[in-house]
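What follows is a set of notes on a single structure, which appears directly below.
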Amino acid sequence: EVLGALRDALVMQNNTVLERAVDNIQHNKLPNEVLSEVELIEQIVRDNRVFTMLKDGILSGHIMGNVGTINREGIKYVALESAIKHGDEVSTLTTRTSKLLSYSSFIVKARKAVKYNEIKEYESVVYCPQPNLENIVDFAFSITNEMDLAKKECLSNLVIITMKKELSLGSINLVNEEPNINKIEYEKLEQKVMWAKKFTLVNSEAVDLVFAANIVCSMRKMVKKNTPDSLANLGEMLKKFQEIVIPREVDEEVYTIRDIYNNFKIVSSLEDALSTGMAVGVVGSLDLGTIEVGKIDDAIEMATGLKCTTARAKSLLQAASVIQNIRLALKFMEWEALSTILQELDHDIVISEISAEVAMAKNESNNIGYLIQSVLDQ
């Protein structure tokens, strides 16, 4: 009678009746001839119960939304955990149920990691195996989609966290208006950028942060090298930030680098302008045709536009303004104007870069004054 009822329910696929009947079987009252078939039916029922519980847990409370905007409140995993626990207690399962049970633990881990932002689990979710269930269950597509979303979300978060951490270490800072070269670090940041660039990221925040970290890494190298060529190359790197909104994690360092680059441009341009374009020859027979003011005009205009922020740049700008006036007075032989400029000159402005040219102008001015006075005395 028991076996007949089990067979009928099995043929009719009436799982409710099957489960109730299996739960009420009293094995000690069954004849030996039916025990093996009853036990087989019991295994089928228990397997189906585990499979159904797993399926229900998987298809409810799954991860939904887009990378970066996941609906964490809707993520559920308790029912699936309960199904896994129940499945672990069943000794014999079909291949289908066994494979689903085995992968369900990855789904639970992924849901918890995404729901609670469990940083320590991000990497294990990213590298967990893909579900190979296409020919096993008819809802494999749902599992694949959920795990793909979970992997992308965890990967994006892992990349963002990693980039933020490495960017916070070894950043460029100024000490006494100069970059603190010994404190600049870029090696670990470079390694992490190379690691992150291997992935296809779909979160714009992660993409922009990796892009920014790559540029910052290159600029740290350039500033640490601290040569005219390396500092000159900062300009091209800074232009790249016109392509994106500067992430707040690097904005302060980028602005510091921009100040370093602007100061380099100002100082190098002023130094170059002051080192060329002066009159040549000896007092009394200077070649005023060699005087050139275009370069110094451009350097002063650039320095004024960018604004000098260091003592060196400010002193060079003051010196350049003096030399600009001296050269113009000499070039157009405005001797009275030259005399006035030299008489009113603040000697604190006369730095080493212009001392020889100022001295030459003074000697020429004195010589012209002497000649004029000699003519007047005749």
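Residues are referred to by chain and number: the chain letter is A, B, ... according to the order shown in the structure tokens, the number counts from 1 in that chain, and ligands are numbered separately from 1 in the order shown.
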Q: Write out as an NGL selection string the residues lying within 7 Å of region 98-113 of chain A, counting only C-alpha atoms and excluding same-chain residues fewer than 6 positions away.
A: :A and (63 or 75 or 77 or 81 or 84 or 87 or 121-122 or 125 or 131 or 150)
Got time to write the residues from that selection, all heavy atoms, as a compact mmCIF listing (two decimals), in the first residue's frame?
# COMPACT_ATOMS: atom_id res chain seq x y z
N ILE A 63 21.17 39.57 -6.89
CA ILE A 63 21.78 40.89 -7.10
C ILE A 63 21.20 41.52 -8.35
O ILE A 63 21.20 40.91 -9.42
CB ILE A 63 23.31 40.77 -7.23
CG1 ILE A 63 23.89 40.10 -5.97
CG2 ILE A 63 23.96 42.13 -7.44
CD1 ILE A 63 25.34 39.68 -6.12
N ILE A 75 18.97 42.44 -1.87
CA ILE A 75 19.77 41.21 -1.89
C ILE A 75 19.43 40.34 -0.67
O ILE A 75 19.51 40.81 0.47
CB ILE A 75 21.28 41.55 -1.89
CG1 ILE A 75 21.63 42.35 -3.15
CG2 ILE A 75 22.11 40.26 -1.84
CD1 ILE A 75 23.07 42.86 -3.17
N TYR A 77 19.91 36.25 1.09
CA TYR A 77 20.72 35.04 1.02
C TYR A 77 20.39 34.02 2.10
O TYR A 77 20.87 32.89 2.06
CB TYR A 77 22.21 35.41 1.14
CG TYR A 77 22.55 36.13 2.43
CD1 TYR A 77 22.84 35.41 3.59
CD2 TYR A 77 22.55 37.50 2.49
CE1 TYR A 77 23.13 36.06 4.77
CE2 TYR A 77 22.84 38.17 3.67
CZ TYR A 77 23.13 37.45 4.80
OH TYR A 77 23.41 38.10 5.98
N GLU A 81 21.18 30.03 2.05
CA GLU A 81 22.06 29.43 3.06
C GLU A 81 21.40 28.25 3.74
O GLU A 81 22.03 27.21 3.97
CB GLU A 81 22.44 30.48 4.12
CG GLU A 81 23.67 31.29 3.80
CD GLU A 81 24.14 32.13 4.97
OE1 GLU A 81 23.28 32.58 5.76
OE2 GLU A 81 25.35 32.35 5.12
N ILE A 84 21.43 25.31 1.42
CA ILE A 84 22.76 24.70 1.36
C ILE A 84 23.00 23.82 2.58
O ILE A 84 23.51 22.69 2.46
CB ILE A 84 23.85 25.80 1.28
CG1 ILE A 84 23.76 26.54 -0.06
CG2 ILE A 84 25.24 25.21 1.46
CD1 ILE A 84 24.63 27.78 -0.13
N GLY A 87 21.01 20.71 2.15
CA GLY A 87 21.61 19.85 1.14
C GLY A 87 22.83 19.12 1.65
O GLY A 87 23.08 17.96 1.28
N GLU A 121 36.34 39.99 0.79
CA GLU A 121 35.81 38.94 -0.08
C GLU A 121 35.81 39.33 -1.56
O GLU A 121 35.51 38.50 -2.42
CB GLU A 121 34.38 38.57 0.34
CG GLU A 121 34.27 37.98 1.74
CD GLU A 121 34.97 36.62 1.87
OE1 GLU A 121 35.27 36.00 0.82
OE2 GLU A 121 35.21 36.19 3.00
N TYR A 122 36.11 40.59 -1.85
CA TYR A 122 36.03 41.05 -3.25
C TYR A 122 36.88 40.19 -4.18
O TYR A 122 36.44 39.76 -5.25
CB TYR A 122 36.48 42.50 -3.36
CG TYR A 122 35.46 43.52 -2.90
CD1 TYR A 122 35.83 44.82 -2.59
CD2 TYR A 122 34.11 43.19 -2.79
CE1 TYR A 122 34.90 45.77 -2.17
CE2 TYR A 122 33.18 44.11 -2.36
CZ TYR A 122 33.58 45.41 -2.06
OH TYR A 122 32.66 46.34 -1.65
N VAL A 125 35.54 36.72 -4.91
CA VAL A 125 34.39 36.75 -5.81
C VAL A 125 34.85 36.99 -7.25
O VAL A 125 34.38 36.33 -8.19
CB VAL A 125 33.38 37.85 -5.38
CG1 VAL A 125 32.27 38.00 -6.44
CG2 VAL A 125 32.77 37.53 -4.04
N PRO A 131 29.87 29.75 -13.34
CA PRO A 131 28.96 28.60 -13.21
C PRO A 131 28.87 27.84 -14.53
O PRO A 131 28.55 28.42 -15.56
CB PRO A 131 27.62 29.27 -12.86
CG PRO A 131 27.73 30.65 -13.40
CD PRO A 131 29.17 31.04 -13.26
N ALA A 150 27.94 40.49 -10.12
CA ALA A 150 28.66 40.48 -8.84
C ALA A 150 30.16 40.65 -9.06
O ALA A 150 30.83 41.41 -8.35
CB ALA A 150 28.38 39.19 -8.07
What are the closest atom pairs, with distances in Å to one decimal, for all residues of region 235-318 of chain A lying within 9 Å of region 337-352 of chain A? Consider only C-alpha atoms, order rows by chain and residue number, and present the result as a tab-separated table.
residue	atom	partner	partner_atom	distance
A:Ser315	CA	A:Ile349	CA	6.8
A:Leu316	CA	A:Ile351	CA	8.0
A:Gln318	CA	A:Ile349	CA	6.5
Go ahead and write the selection's residues with N, CA and C atoms as a PDB file, in the first residue's frame.
ATOM      1  N   SER A 315      61.894  86.669  -7.455  1.00  0.00           N
ATOM      2  CA  SER A 315      63.139  87.441  -7.584  1.00  0.00           C
ATOM      3  C   SER A 315      63.572  87.535  -9.044  1.00  0.00           C
ATOM      4  N   LEU A 316      63.391  86.472  -9.798  1.00  0.00           N
ATOM      5  CA  LEU A 316      63.738  86.499 -11.222  1.00  0.00           C
ATOM      6  C   LEU A 316      62.831  87.460 -11.994  1.00  0.00           C
ATOM      7  N   GLN A 318      61.326  90.153 -10.803  1.00  0.00           N
ATOM      8  CA  GLN A 318      61.752  91.515 -10.479  1.00  0.00           C
ATOM      9  C   GLN A 318      63.023  91.884 -11.246  1.00  0.00           C
TER      10      GLN A 318
END
Q: Name the residues of region 134-358 of chain A that come out as helix (DSSP H, G or I) in a backbone DSSP run; write them as a PyMOL selection string.
A: chain A and resi 140-167+181-183+187-196+204-225+228-232+234-242+248-275+288-290+294-306+311-331+335-343+347-349+352-358
Q: Can you pull out every residue within 8 Å of Lys331 (chain A), counting only C-alpha atoms, but drop anything in the same chain fewer than 4 positions away, and send it as a list of chain:residue names?
A: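 Neighbouring residues, sequence-local ones excluded: A:Leu288, A:Gly289, A:Ile291, A:Arg327.
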Q. Which of these, A:Leu330, A:Tyr261, A:Lys307, A:Asn117, has the shortest distance to Met222 (chain A) once you count only C-alpha atoms?
A.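 Closest to Met222 (chain A) of all the choices is A:Tyr261.
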Q. Within 9 Å of Lys240 (chain A), counting only C-alpha atoms, which residues qualify if same-chain residues fewer than 3 places away don't, as JSON, numbers by chain?
A. {"A": [212, 215, 236, 237, 243, 244]}
Residues just named, written with N, CA and C atoms as a PDB file, in the first residue's frame:
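Okay, part_23.pdb is ready:
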ATOM      1  N   ALA A 212      43.511  58.382 -14.025  1.00  0.00           N
ATOM      2  CA  ALA A 212      44.187  59.430 -13.255  1.00  0.00           C
ATOM      3  C   ALA A 212      45.427  58.891 -12.546  1.00  0.00           C
ATOM      4  N   ILE A 215      48.385  58.593 -14.886  1.00  0.00           N
ATOM      5  CA  ILE A 215      49.014  59.887 -15.164  1.00  0.00           C
ATOM      6  C   ILE A 215      49.817  60.361 -13.957  1.00  0.00           C
ATOM      7  N   GLU A 236      52.604  67.935 -20.808  1.00  0.00           N
ATOM      8  CA  GLU A 236      51.813  67.000 -21.605  1.00  0.00           C
ATOM      9  C   GLU A 236      50.961  66.106 -20.726  1.00  0.00           C
ATOM     10  N   MET A 237      51.501  65.726 -19.582  1.00  0.00           N
ATOM     11  CA  MET A 237      50.736  64.890 -18.660  1.00  0.00           C
ATOM     12  C   MET A 237      49.549  65.652 -18.083  1.00  0.00           C
ATOM     13  N   GLU A 243      40.708  65.679 -20.248  1.00  0.00           N
ATOM     14  CA  GLU A 243      39.805  64.669 -20.791  1.00  0.00           C
ATOM     15  C   GLU A 243      38.787  64.170 -19.767  1.00  0.00           C
ATOM     16  N   ILE A 244      39.059  64.356 -18.487  1.00  0.00           N
ATOM     17  CA  ILE A 244      38.166  63.856 -17.441  1.00  0.00           C
ATOM     18  C   ILE A 244      38.048  64.888 -16.329  1.00  0.00           C
TER      19      ILE A 244
END
Q: May I have the residues within 12 Å of Asn135 (chain A) as number ranges by chain, using only C-alpha atoms and disregarding those fewer than 2 positions away in the same chain?
A: A: 95-96, 99-100, 131-133, 137-141
Generate a file of the selected residues that holds C-alpha atoms, formatted as a PDB file, in the first residue's frame.
ATOM      1  CA  THR A  95      24.659  15.122 -10.304  1.00  0.00           C
ATOM      2  CA  ARG A  96      22.318  17.998 -11.153  1.00  0.00           C
ATOM      3  CA  LYS A  99      26.534  20.675  -8.905  1.00  0.00           C
ATOM      4  CA  LEU A 100      23.923  23.285  -8.054  1.00  0.00           C
ATOM      5  CA  PRO A 131      28.958  28.604 -13.212  1.00  0.00           C
ATOM      6  CA  ASN A 132      29.085  25.735 -15.690  1.00  0.00           C
ATOM      7  CA  LEU A 133      25.420  24.860 -15.402  1.00  0.00           C
ATOM      8  CA  VAL A 137      19.523  23.523 -14.928  1.00  0.00           C
ATOM      9  CA  ASP A 138      17.070  25.607 -16.968  1.00  0.00           C
ATOM     10  CA  PHE A 139      17.798  28.779 -14.950  1.00  0.00           C
ATOM     11  CA  ALA A 140      21.573  28.754 -15.539  1.00  0.00           C
ATOM     12  CA  PHE A 141      21.265  32.057 -17.441  1.00  0.00           C
TER      13      PHE A 141
END
Q: Find the residues around Thr52 (chain A) up to 9 Å (only C-alpha atoms counted), leave out those fewer than 5 positions away in its own chain, and share them as a PyMOL selection string.
A: chain A and resi 47+57+83
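Note that CA of Leu270 (chain A) and CA of Ala303 (chain A) are 8.2 Å apart.
For the residues A:Cys217, A:Val114, A:Ala79, A:Val50, ranking by smallest atom-to-atom distance to Met64 (chain A) using only C-alpha atoms places A:Val114 first.
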Q) Could you name the residues that touch region 257-259 of chain A at 12 Å or less, counting only C-alpha atoms, but leaving out those on the same chain fewer than 3 positions away, as a ChimeraX atom specification? A) /A:171-174,177-180,215-224,231-239,241,250-254,262-267,306-310,313
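For the set A:Met53, A:Leu209, A:Gly68, A:Ser82, the residue with the smallest atom-to-atom gap to Ile246 (chain A) is A:Leu209, counting only C-alpha atoms.
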